[in-house]
$ cat work-v2.cif   # mmCIF, C-alpha atoms and all ligand atoms
data_input
loop_
_atom_site.label_atom_id
_atom_site.label_comp_id
_atom_site.auth_asym_id
_atom_site.auth_seq_id
_atom_site.Cartn_x
_atom_site.Cartn_y
_atom_site.Cartn_z
CA MET X 1 70.09 92.42 35.19
CA ARG X 2 66.71 91.65 36.74
CA VAL X 3 66.57 88.52 38.89
CA LEU X 4 63.41 86.94 40.29
CA SER X 5 62.76 83.92 42.48
CA GLY X 6 60.32 82.62 45.05
CA ILE X 7 60.17 80.27 48.00
CA GLN X 8 56.97 78.55 49.07
CA SER X 9 55.70 79.09 52.58
CA SER X 10 54.69 75.48 52.99
CA GLY X 11 56.92 74.39 55.87
CA VAL X 12 59.73 75.37 58.19
CA LEU X 13 62.86 76.19 56.17
CA HIS X 14 65.86 73.91 56.58
CA LEU X 15 69.54 73.74 55.59
CA GLY X 16 68.60 72.32 52.18
CA ASN X 17 66.43 75.35 51.43
CA TYR X 18 69.13 77.72 52.61
CA PHE X 19 72.13 76.21 50.81
CA GLY X 20 70.03 75.17 47.80
CA ALA X 21 68.12 78.42 47.24
CA MET X 22 68.11 81.26 49.75
CA LYS X 23 71.90 81.69 50.00
CA GLN X 24 72.17 82.41 46.26
CA HIS X 25 69.26 84.83 46.41
CA ILE X 26 70.92 86.83 49.15
CA GLU X 27 74.23 86.90 47.28
CA ASP X 28 72.48 88.16 44.15
CA GLN X 29 71.24 91.29 45.90
CA GLU X 30 74.77 92.70 45.67
CA ARG X 31 74.95 92.43 41.86
CA HIS X 32 71.47 92.50 40.40
CA GLU X 33 68.07 94.13 40.58
CA CYS X 34 66.33 91.47 42.68
CA PHE X 35 62.73 90.47 43.32
CA PHE X 36 62.14 87.68 45.83
CA PHE X 37 58.73 86.60 46.96
CA ILE X 38 56.98 84.26 49.32
CA ALA X 39 54.88 81.97 47.16
CA ASN X 40 51.85 81.76 49.44
CA TYR X 41 49.34 81.10 46.63
CA HIS X 42 51.46 78.10 45.68
CA SER X 43 51.43 76.95 49.30
CA LEU X 44 47.66 76.51 49.06
CA THR X 45 48.34 73.38 47.02
CA THR X 46 49.55 71.69 50.23
CA VAL X 47 48.58 73.82 53.25
CA HIS X 48 44.86 74.07 54.07
CA ASP X 49 45.08 75.60 57.53
CA ALA X 50 44.73 79.40 57.50
CA ALA X 51 46.53 80.09 60.79
CA ARG X 52 49.42 77.86 59.75
CA LEU X 53 49.72 79.48 56.33
CA ARG X 54 49.79 82.95 57.92
CA GLN X 55 52.50 81.86 60.34
CA LEU X 56 54.60 80.15 57.66
CA THR X 57 54.39 83.26 55.46
CA VAL X 58 55.71 85.45 58.27
CA ASP X 59 58.37 82.82 59.04
CA VAL X 60 59.79 82.77 55.50
CA ALA X 61 60.01 86.58 55.53
CA LEU X 62 61.78 86.52 58.91
CA ASP X 63 64.15 83.80 57.68
CA TYR X 64 65.12 85.83 54.60
CA LEU X 65 65.73 88.97 56.65
CA ALA X 66 67.59 87.18 59.45
CA MET X 67 69.86 85.49 56.90
CA GLY X 68 70.84 88.84 55.43
CA LEU X 69 68.34 89.92 52.81
CA ASP X 70 68.43 93.70 52.78
CA PRO X 71 65.09 95.26 51.80
CA ALA X 72 66.95 98.38 50.64
CA LYS X 73 68.79 96.28 48.05
CA ALA X 74 66.25 93.59 47.09
CA THR X 75 62.48 93.71 46.82
CA LEU X 76 60.96 91.17 49.22
CA PHE X 77 57.21 90.63 48.96
CA ARG X 78 54.26 88.29 49.30
CA GLN X 79 52.97 86.75 46.10
CA SER X 80 49.44 87.62 47.25
CA ASP X 81 50.27 91.34 47.26
CA VAL X 82 50.34 91.11 43.46
CA PRO X 83 46.93 89.56 42.67
CA GLU X 84 47.55 90.23 38.96
CA VAL X 85 49.61 86.99 38.86
CA THR X 86 46.45 84.95 39.22
CA GLU X 87 44.87 86.86 36.33
CA LEU X 88 47.94 86.22 34.20
CA ALA X 89 47.91 82.53 35.18
CA TRP X 90 44.40 82.28 33.75
CA ILE X 91 45.39 84.00 30.52
CA LEU X 92 48.46 81.76 30.11
CA SER X 93 46.32 78.68 30.72
CA THR X 94 44.31 79.55 27.62
CA VAL X 95 47.37 79.34 25.35
CA THR X 96 48.99 76.34 27.06
CA GLY X 97 48.30 72.75 26.02
CA LYS X 98 47.33 70.25 28.66
CA GLY X 99 50.08 67.95 27.38
CA LEU X 100 52.77 70.33 28.59
CA LEU X 101 51.49 70.10 32.16
CA GLU X 102 51.06 66.35 31.95
CA ARG X 103 54.80 66.05 31.43
CA ALA X 104 55.67 67.90 34.67
CA THR X 105 57.81 65.62 36.81
CA SER X 106 57.31 67.60 40.01
CA TYR X 107 53.54 67.02 39.76
CA LYS X 108 54.10 63.28 39.39
CA ASP X 109 56.58 63.27 42.31
CA LYS X 110 54.17 65.12 44.55
CA ILE X 111 51.30 62.74 43.79
CA ALA X 112 53.64 59.83 44.47
CA LYS X 113 54.30 61.37 47.89
CA GLY X 114 50.57 61.34 48.59
CA ILE X 115 49.71 65.01 47.98
CA GLU X 116 46.15 65.38 46.70
CA PRO X 117 46.15 65.94 42.92
CA SER X 118 43.97 69.08 42.92
CA MET X 119 43.60 71.26 39.81
CA GLY X 120 45.80 73.79 41.63
CA LEU X 121 48.60 71.27 41.95
CA PHE X 122 48.24 70.34 38.29
CA CYS X 123 48.28 74.00 37.21
CA TYR X 124 51.10 74.94 39.60
CA PRO X 125 53.57 75.48 36.71
CA ILE X 126 51.20 77.99 35.08
CA LEU X 127 51.03 80.11 38.22
CA MET X 128 54.81 79.86 38.47
CA ALA X 129 55.16 80.99 34.84
CA ALA X 130 52.90 83.95 35.61
CA ASP X 131 55.01 84.78 38.68
CA ILE X 132 58.05 84.95 36.50
CA LEU X 133 56.79 86.52 33.28
CA ILE X 134 54.91 89.32 35.00
CA TYR X 135 58.23 90.92 36.08
CA ARG X 136 60.15 90.35 32.83
CA PRO X 137 63.26 89.07 34.63
CA GLN X 138 66.30 87.91 32.67
CA LEU X 139 67.38 85.39 35.30
CA VAL X 140 65.57 83.00 37.61
CA PRO X 141 67.87 81.40 40.21
CA VAL X 142 66.54 77.96 41.14
CA GLY X 143 67.63 74.50 42.20
CA LYS X 144 67.74 71.67 39.64
CA ASP X 145 64.34 70.42 40.73
CA GLN X 146 62.77 73.64 39.40
CA LEU X 147 64.53 73.69 36.04
CA GLN X 148 61.65 72.02 34.21
CA HIS X 149 59.27 74.67 35.55
CA VAL X 150 61.46 77.44 34.13
CA GLU X 151 61.60 75.64 30.78
CA MET X 152 57.81 75.40 30.80
CA THR X 153 57.73 79.14 31.52
CA GLN X 154 59.86 79.76 28.42
CA ASP X 155 57.40 77.65 26.42
CA MET X 156 54.41 79.56 27.75
CA ALA X 157 56.07 82.92 26.96
CA GLY X 158 56.55 81.65 23.41
CA TYR X 159 52.95 80.40 23.07
CA PHE X 160 51.59 83.78 24.17
CA ASN X 161 53.94 85.86 22.02
CA ASN X 162 53.21 83.65 18.98
CA THR X 163 49.46 83.58 19.51
CA TYR X 164 49.23 87.37 19.67
CA GLY X 165 52.11 88.22 17.35
CA ARG X 166 53.83 90.47 19.89
CA GLU X 167 56.92 90.12 22.06
CA VAL X 168 55.05 90.87 25.28
CA PHE X 169 57.15 88.51 27.37
CA VAL X 170 60.91 88.36 27.72
CA ARG X 171 62.37 84.84 27.69
CA PRO X 172 63.72 84.18 31.21
CA GLU X 173 66.76 81.97 31.73
CA ALA X 174 67.21 79.66 34.70
CA LYS X 175 70.30 80.34 36.76
CA LEU X 176 71.08 76.93 38.20
CA ASN X 177 72.95 77.00 41.44
CA GLU X 178 75.93 74.72 41.91
CA ALA X 179 74.79 73.59 45.35
CA ALA X 180 74.81 69.86 45.83
CA ILE X 181 71.73 68.19 47.25
CA VAL X 182 71.94 68.57 51.03
CA PRO X 183 71.38 65.22 52.75
CA GLY X 184 68.97 64.94 55.67
CA VAL X 185 69.77 63.18 58.94
CA ASP X 186 68.69 59.86 57.38
CA GLY X 187 70.90 60.32 54.30
CA GLN X 188 68.01 60.94 51.87
CA LYS X 189 67.57 64.41 50.34
CA MET X 190 66.75 66.82 53.16
CA SER X 191 63.09 67.64 52.74
CA LYS X 192 60.30 68.79 54.98
CA SER X 193 58.15 65.97 53.67
CA TYR X 194 60.66 63.33 54.85
CA GLY X 195 60.90 64.54 58.47
CA ASN X 196 64.71 64.47 58.21
CA THR X 197 65.52 68.16 58.38
CA ILE X 198 67.88 70.37 60.32
CA ASP X 199 65.91 73.61 60.47
CA LEU X 200 67.48 77.04 60.02
CA PHE X 201 66.13 78.27 63.30
CA GLY X 202 65.25 75.14 65.20
CA GLU X 203 65.52 75.04 68.96
CA PRO X 204 69.31 74.63 69.60
CA LYS X 205 69.10 71.52 71.83
CA ALA X 206 66.69 69.74 69.52
CA MET X 207 68.84 70.54 66.49
CA LYS X 208 71.98 69.27 68.25
CA LYS X 209 70.15 66.05 69.02
CA ARG X 210 69.22 65.66 65.36
CA ILE X 211 72.78 66.32 64.23
CA MET X 212 74.12 63.73 66.67
CA ALA X 213 71.64 61.24 65.20
CA ILE X 214 72.81 61.63 61.56
CA VAL X 215 73.03 58.21 59.95
CA THR X 216 76.58 56.98 59.25
CA ASP X 217 78.03 53.63 58.18
CA SER X 218 79.51 51.17 60.63
CA THR X 219 83.21 51.66 59.79
CA PRO X 220 85.12 51.17 63.08
CA VAL X 221 86.81 54.20 64.67
CA ASP X 222 90.33 53.07 63.70
CA ALA X 223 89.57 52.37 60.05
CA PRO X 224 90.00 54.96 57.26
CA LYS X 225 86.75 56.57 56.12
CA ASP X 226 85.57 58.06 52.85
CA PRO X 227 84.53 61.71 53.44
CA GLU X 228 82.74 61.95 50.11
CA ASN X 229 80.31 59.21 51.15
CA CYS X 230 79.44 60.60 54.54
CA ASN X 231 76.32 62.57 55.47
CA VAL X 232 78.15 64.30 58.32
CA PHE X 233 80.99 65.43 56.07
CA ALA X 234 78.49 66.81 53.53
CA LEU X 235 77.22 69.20 56.22
CA LEU X 236 80.71 69.99 57.53
CA LYS X 237 81.67 71.05 54.03
CA LEU X 238 78.79 73.53 53.91
CA LEU X 239 79.40 75.03 57.33
CA ALA X 240 83.20 74.99 57.85
CA PRO X 241 85.80 77.19 56.14
CA PRO X 242 87.63 75.38 53.27
CA GLU X 243 90.88 74.89 55.25
CA GLU X 244 89.03 73.20 58.06
CA THR X 245 87.08 71.03 55.63
CA ALA X 246 90.37 69.88 54.09
CA GLN X 247 91.72 68.97 57.53
CA TRP X 248 88.62 66.91 58.30
CA ALA X 249 88.94 65.11 54.96
CA GLU X 250 92.48 64.13 55.91
CA ARG X 251 91.39 62.92 59.32
CA TYR X 252 88.65 60.81 57.71
CA ARG X 253 91.14 59.19 55.34
CA ALA X 254 93.74 58.62 58.05
CA GLY X 255 91.41 56.63 60.33
CA GLY X 256 91.38 56.90 64.11
CA MET X 257 88.49 59.35 64.12
CA GLY X 258 84.93 58.48 65.12
CA TYR X 259 81.90 59.99 63.38
CA GLY X 260 80.78 61.36 66.76
CA GLU X 261 83.63 63.85 66.74
CA ALA X 262 82.67 65.16 63.33
CA LYS X 263 79.03 65.40 64.39
CA LYS X 264 79.95 67.45 67.45
CA ARG X 265 81.84 69.86 65.21
CA VAL X 266 78.84 70.14 62.84
CA ALA X 267 76.64 70.98 65.83
CA GLU X 268 79.09 73.68 66.92
CA LEU X 269 79.42 75.14 63.45
CA TYR X 270 75.64 75.14 63.05
CA GLU X 271 75.24 77.07 66.28
CA ASP X 272 78.08 79.51 65.46
CA PHE X 273 76.49 80.27 62.11
CA PHE X 274 72.80 80.36 62.96
CA GLY X 275 72.96 81.39 66.64
CA PRO X 276 73.57 85.13 66.07
CA LYS X 277 71.04 85.12 63.24
CA ARG X 278 68.50 83.51 65.54
CA GLU X 279 68.80 86.55 67.79
CA ARG X 280 68.42 88.90 64.86
CA ARG X 281 65.34 86.94 63.81
CA ALA X 282 63.81 87.14 67.29
CA ALA X 283 64.37 90.90 67.34
CA LEU X 284 62.62 91.26 64.00
CA ALA X 285 59.78 88.98 65.08
CA ALA X 286 59.19 91.27 68.04
CA ARG X 287 58.49 94.17 65.63
CA PRO X 288 55.66 92.86 63.46
CA ASP X 289 54.72 96.34 62.22
CA GLU X 290 58.17 96.86 60.79
CA LEU X 291 58.03 93.48 59.03
CA GLU X 292 54.60 94.30 57.62
CA ASN X 293 55.94 97.62 56.31
CA ILE X 294 58.88 95.91 54.58
CA LEU X 295 56.54 93.43 52.89
CA ARG X 296 53.97 96.06 51.91
CA ASP X 297 56.61 98.31 50.50
CA GLY X 298 58.12 95.41 48.53
CA GLY X 299 54.63 94.42 47.36
CA ARG X 300 53.94 97.95 46.10
CA ARG X 301 57.19 98.04 44.11
CA ALA X 302 56.59 94.60 42.62
CA ARG X 303 52.96 95.35 41.84
CA SER X 304 53.75 98.50 39.93
CA VAL X 305 56.00 96.49 37.57
CA ALA X 306 53.35 93.76 37.29
CA GLN X 307 50.57 96.25 36.52
CA SER X 308 52.43 97.78 33.65
CA VAL X 309 53.20 94.36 32.11
CA MET X 310 49.55 93.34 32.59
CA ALA X 311 48.43 96.41 30.66
CA ASP X 312 50.48 95.12 27.69
CA VAL X 313 49.10 91.59 28.16
CA ARG X 314 45.46 92.75 28.21
CA ASP X 315 46.03 94.99 25.25
CA ALA X 316 47.66 92.14 23.28
CA CYS X 317 44.75 89.75 23.88
CA GLY X 318 41.86 92.21 23.76
CA ILE X 319 40.76 92.13 27.38
CA MET X 320 39.18 95.41 28.35
CA THR X 321 38.84 96.55 31.95
CA ALA X 322 38.20 99.85 33.64
CA ARG X 323 41.84 99.71 34.74
CA SER X 324 43.70 99.56 31.43
P1 LIG S 401 61.14 70.53 50.44
O1 LIG S 401 61.77 69.39 49.69
O2 LIG S 401 61.65 70.62 51.85
O3 LIG S 401 59.63 70.54 50.33
P2 LIG S 401 61.03 72.66 48.53
O4 LIG S 401 60.68 71.71 47.42
O5 LIG S 401 59.98 73.61 49.02
O6 LIG S 401 61.65 71.85 49.76
O7 LIG S 401 62.34 73.43 48.11
C1 LIG S 401 62.46 74.78 47.86
C2 LIG S 401 63.83 74.98 47.21
O8 LIG S 401 64.87 74.64 48.16
C3 LIG S 401 64.06 74.03 46.02
O9 LIG S 401 63.84 74.67 44.82
C4 LIG S 401 65.51 73.62 46.10
O10 LIG S 401 66.28 74.45 45.28
C5 LIG S 401 65.90 73.89 47.53
N1 LIG S 401 66.09 72.62 48.26
C6 LIG S 401 65.18 71.95 49.00
N2 LIG S 401 65.72 70.86 49.57
C7 LIG S 401 67.02 70.84 49.19
C8 LIG S 401 68.12 69.96 49.48
N3 LIG S 401 67.99 68.92 50.28
N4 LIG S 401 69.31 70.24 48.91
C9 LIG S 401 69.47 71.33 48.10
N5 LIG S 401 68.47 72.18 47.81
C10 LIG S 401 67.26 71.96 48.34
N1 LIG S 402 58.11 76.29 42.79
C1 LIG S 402 59.17 76.92 43.55
C2 LIG S 402 59.69 75.92 44.62
O1 LIG S 402 58.96 75.07 45.06
C3 LIG S 402 58.70 78.19 44.21
C4 LIG S 402 58.29 79.21 43.20
C5 LIG S 402 57.03 79.66 42.93
C6 LIG S 402 59.16 79.92 42.32
N2 LIG S 402 57.05 80.60 41.95
C7 LIG S 402 58.33 80.78 41.55
C8 LIG S 402 60.53 79.89 42.11
C9 LIG S 402 58.88 81.63 40.56
C10 LIG S 402 61.07 80.73 41.14
C11 LIG S 402 60.24 81.59 40.37
O2 LIG S 402 60.83 76.04 45.00
#
$ encode --input "work-v2.cif" --output "structure tokens" --more "lines below"
Ligand code: ADP
Ligand code: TRP
Amino acid sequence: MRVLSGIQSSGVLHLGNYFGAMKQHIEDQERHECFFFIANYHSLTTVHDAARLRQLTVDVALDYLAMGLDPAKATLFRQSDVPEVTELAWILSTVTGKGLLERATSYKDKIAKGIEPSMGLFCYPILMAADILIYRPQLVPVGKDQLQHVEMTQDMAGYFNNTYGREVFVRPEAKLNEAAIVPGVDGQKMSKSYGNTIDLFGEPKAMKKRIMAIVTDSTPVDAPKDPENCNVFALLKLLAPPEETAQWAERYRAGGMGYGEAKKRVAELYEDFFGPKRERRAALAARPDELENILRDGGRRARSVAQSVMADVRDACGIMTARS
């Protein structure tokens, strides 16, 4: 089965991005033909600083590789190494009604957060549909927040196929991950735009400080506590083995345990898990040529698939170029 997904390079990746998206991508490399890309064209809807965008793009690639993505098993590439996606986005925009985009909840959420409503932000779902359809994947692993975008992609595939009377695009299905929403240190959804993140590769002392500052309720030490309503326990559950998680749940319910103890354990588990990967990441970062080769090679493989699909697209709609 072919699997495709992308992560924007619009900020430093955090535990929410890992447990909500990247972890599933890396697991999929063992079972499927995988394409994962860094959505740097999408990042332009929020990042307007060239040096920062370059750095964030490298960072996402390093994060994927440090966390275990194997370029021999999965194709990792930059969206911008397949410029045909922007051509396809244009073509899809000509068969897509404005009403479809006006219903996009993520657009409304982003405007509510104060992001400038540029045409790029409005058309974001069209570029995402192009990203997907150009590789004819069967499955698109995403978090719940992206489900509507995949449904819009299915609609756009249908509009194109119907308009031109040909099954050029395969209907992709979303593969929703089971991951719960990871809470940030303030108890809201962990998100780079809320400043409440625990970063994958943050500086260890700073990350420990953030973990120790996770918001909890004011239940006294002696009193029983509800693990399911605790931001610290939510992170413990992600980082500790199941037997240990069960023991902590019991200790919560029994009372006599302060939240500080659980926080200390989260900080330890965080370091045990990410510490060795931080070293792997630093080693990779010290070999920029190797990283560039991995991305170029991935880009070449992805582009060759995209070019052959684009030849079908152009043929279906009567666009002639010197290339196809
Ligand atoms: P952010 O909210 O930090 O801007 P993005 O919207 O770029 O993150 O998220 C990229 C992907 O990471 C999302 O599709 C989602 O699946 C996952 N994700 C982000 N934050 C969380 C979270 N707190 N819990 C679970 N998954 C998350
Ligand atoms: N919109 C996705 C996000 O914010 C990133 C993305 C861009 C994507 N293109 C994609 C995800 C194609 C899956 C498939 O998380």
$ closest_residue --input "work-v2.cif" --among "X:Leu176, X:Met119, X:Ala66, X:Met128" --to "ligand LIG 401 (chain S)" --atoms "all atoms listed in the file"
X:Leu176
$ residues_near_ligand --input "work-v2.cif" --ligand "ligand LIG 402 (chain S)" --cutoff "7 Å" --atoms "all atoms listed in the file" --output "VMD selection string"
chain X and resid 4 to 8 39 42 128 to 129 131 to 132 140 to 142 146
$ residues_around --input "work-v2.cif" --residues "X:Gln307" --least-positions-apart "4" --cutoff "8 Å" --atoms "all atoms listed in the file" --output "count of residues only"
3
$ atom_distance --input "work-v2.cif" --atom1 "atom CA of X:Glu271" --atom2 "atom CA of X:Pro241"
14.6 Å
$ closest_residue --input "work-v2.cif" --among "X:Ser304, X:Ser218, X:Thr57, X:Ser193" --to "X:Val82" --atoms "only C-alpha atoms"
X:Ser304
$ residues_near_ligand --input "work-v2.cif" --ligand "ligand LIG 401 (chain S)" --cutoff "7 Å" --atoms "only C-alpha atoms and all ligand atoms" --output "PyMOL selection string"
chain X and resi 7-8+10+16-21+142-146+179-184+189-193
$ residues_around --input "work-v2.cif" --residues "stretch 281-295 of chain X" --least-positions-apart "6" --cutoff "12 Å" --atoms "all atoms listed in the file" --output "number ranges by chain"
X: 35-38, 55, 57-82, 200-202, 274-275, 301-303
$ write_last_selection --input "work-v2.cif" --atoms "C-alpha atoms" --output "mmCIF file, in the coordinates of the input"
data_model
loop_
_atom_site.group_PDB
_atom_site.id
_atom_site.type_symbol
_atom_site.label_atom_id
_atom_site.label_comp_id
_atom_site.auth_asym_id
_atom_site.auth_seq_id
_atom_site.Cartn_x
_atom_site.Cartn_y
_atom_site.Cartn_z
ATOM 1 C CA PHE X 35 62.730 90.470 43.320
ATOM 2 C CA PHE X 36 62.140 87.680 45.830
ATOM 3 C CA PHE X 37 58.730 86.600 46.960
ATOM 4 C CA ILE X 38 56.980 84.260 49.320
ATOM 5 C CA GLN X 55 52.500 81.860 60.340
ATOM 6 C CA THR X 57 54.390 83.260 55.460
ATOM 7 C CA VAL X 58 55.710 85.450 58.270
ATOM 8 C CA ASP X 59 58.370 82.820 59.040
ATOM 9 C CA VAL X 60 59.790 82.770 55.500
ATOM 10 C CA ALA X 61 60.010 86.580 55.530
ATOM 11 C CA LEU X 62 61.780 86.520 58.910
ATOM 12 C CA ASP X 63 64.150 83.800 57.680
ATOM 13 C CA TYR X 64 65.120 85.830 54.600
ATOM 14 C CA LEU X 65 65.730 88.970 56.650
ATOM 15 C CA ALA X 66 67.590 87.180 59.450
ATOM 16 C CA MET X 67 69.860 85.490 56.900
ATOM 17 C CA GLY X 68 70.840 88.840 55.430
ATOM 18 C CA LEU X 69 68.340 89.920 52.810
ATOM 19 C CA ASP X 70 68.430 93.700 52.780
ATOM 20 C CA PRO X 71 65.090 95.260 51.800
ATOM 21 C CA ALA X 72 66.950 98.380 50.640
ATOM 22 C CA LYS X 73 68.790 96.280 48.050
ATOM 23 C CA ALA X 74 66.250 93.590 47.090
ATOM 24 C CA THR X 75 62.480 93.710 46.820
ATOM 25 C CA LEU X 76 60.960 91.170 49.220
ATOM 26 C CA PHE X 77 57.210 90.630 48.960
ATOM 27 C CA ARG X 78 54.260 88.290 49.300
ATOM 28 C CA GLN X 79 52.970 86.750 46.100
ATOM 29 C CA SER X 80 49.440 87.620 47.250
ATOM 30 C CA ASP X 81 50.270 91.340 47.260
ATOM 31 C CA VAL X 82 50.340 91.110 43.460
ATOM 32 C CA LEU X 200 67.480 77.040 60.020
ATOM 33 C CA PHE X 201 66.130 78.270 63.300
ATOM 34 C CA GLY X 202 65.250 75.140 65.200
ATOM 35 C CA PHE X 274 72.800 80.360 62.960
ATOM 36 C CA GLY X 275 72.960 81.390 66.640
ATOM 37 C CA ARG X 301 57.190 98.040 44.110
ATOM 38 C CA ALA X 302 56.590 94.600 42.620
ATOM 39 C CA ARG X 303 52.960 95.350 41.840
#
$ residues_around --input "work-v2.cif" --residues "X:Leu100" --least-positions-apart "2" --cutoff "10 Å" --atoms "all atoms listed in the file" --output "PyMOL selection string"
chain X and resi 96-98+102-104+125+152+155-156
$ atom_distance --input "work-v2.cif" --atom1 "atom CA of X:Asn40" --atom2 "atom CA of X:Ser9"
5.6 Å
$ atom_distance --input "work-v2.cif" --atom1 "atom CA of X:Pro224" --atom2 "atom CA of X:Pro242"
20.9 Å
$ residues_around --input "work-v2.cif" --residues "X:Pro227" --least-positions-apart "2" --cutoff "12 Å" --atoms "all atoms listed in the file" --output "PyMOL selection string"
chain X and resi 216-217+219+224-225+229-237+245-255+257+259+262
$ closest_residue --input "work-v2.cif" --among "X:Cys123, X:Val266, X:Ala50, X:Ala130" --to "X:Pro172" --atoms "all atoms listed in the file"
X:Ala130
$ decode --input "work-v2.cif" --residues "stretch 136-142 of chain X" --atoms "all heavy atoms" --output "compact mmCIF listing (two decimals), in the first residue's frame"
# COMPACT_ATOMS: atom_id res chain seq x y z
N ARG X 136 -0.76 9.48 -5.91
CA ARG X 136 -1.76 8.41 -5.91
C ARG X 136 -1.63 7.45 -4.71
O ARG X 136 -1.57 6.22 -4.88
CB ARG X 136 -1.69 7.59 -7.21
CG ARG X 136 -2.09 8.39 -8.42
CD ARG X 136 -2.23 7.49 -9.66
NE ARG X 136 -2.73 8.22 -10.80
CZ ARG X 136 -2.16 8.20 -12.02
NH1 ARG X 136 -1.10 7.46 -12.26
NH2 ARG X 136 -2.70 8.88 -13.00
N PRO X 137 -1.57 8.01 -3.49
CA PRO X 137 -1.47 7.11 -2.33
C PRO X 137 -2.84 6.55 -1.99
O PRO X 137 -3.87 7.16 -2.30
CB PRO X 137 -1.02 8.05 -1.21
CG PRO X 137 -1.65 9.36 -1.58
CD PRO X 137 -1.67 9.43 -3.10
N GLN X 138 -2.85 5.36 -1.36
CA GLN X 138 -4.13 4.82 -0.87
C GLN X 138 -4.45 5.41 0.50
O GLN X 138 -5.59 5.61 0.84
CB GLN X 138 -4.07 3.29 -0.73
CG GLN X 138 -4.28 2.53 -2.03
CD GLN X 138 -2.99 2.36 -2.81
OE1 GLN X 138 -1.91 2.38 -2.25
NE2 GLN X 138 -3.12 2.19 -4.11
N LEU X 139 -3.39 5.63 1.30
CA LEU X 139 -3.61 6.04 2.69
C LEU X 139 -2.85 7.32 3.03
O LEU X 139 -1.70 7.49 2.63
CB LEU X 139 -3.12 4.94 3.64
CG LEU X 139 -3.90 3.65 3.70
CD1 LEU X 139 -3.24 2.68 4.68
CD2 LEU X 139 -5.35 3.92 4.12
N VAL X 140 -3.52 8.17 3.82
CA VAL X 140 -2.90 9.40 4.29
C VAL X 140 -3.02 9.46 5.82
O VAL X 140 -4.09 9.78 6.34
CB VAL X 140 -3.58 10.65 3.65
CG1 VAL X 140 -2.87 11.93 4.06
CG2 VAL X 140 -3.62 10.52 2.14
N PRO X 141 -1.96 9.10 6.54
CA PRO X 141 -2.05 9.13 8.00
C PRO X 141 -2.00 10.57 8.52
O PRO X 141 -1.06 11.30 8.23
CB PRO X 141 -0.80 8.35 8.46
CG PRO X 141 0.13 8.34 7.31
CD PRO X 141 -0.66 8.59 6.06
N VAL X 142 -3.03 10.95 9.24
CA VAL X 142 -3.10 12.32 9.78
C VAL X 142 -3.80 12.31 11.13
O VAL X 142 -4.46 11.35 11.50
CB VAL X 142 -3.91 13.27 8.85
CG1 VAL X 142 -3.13 13.69 7.64
CG2 VAL X 142 -5.25 12.66 8.48
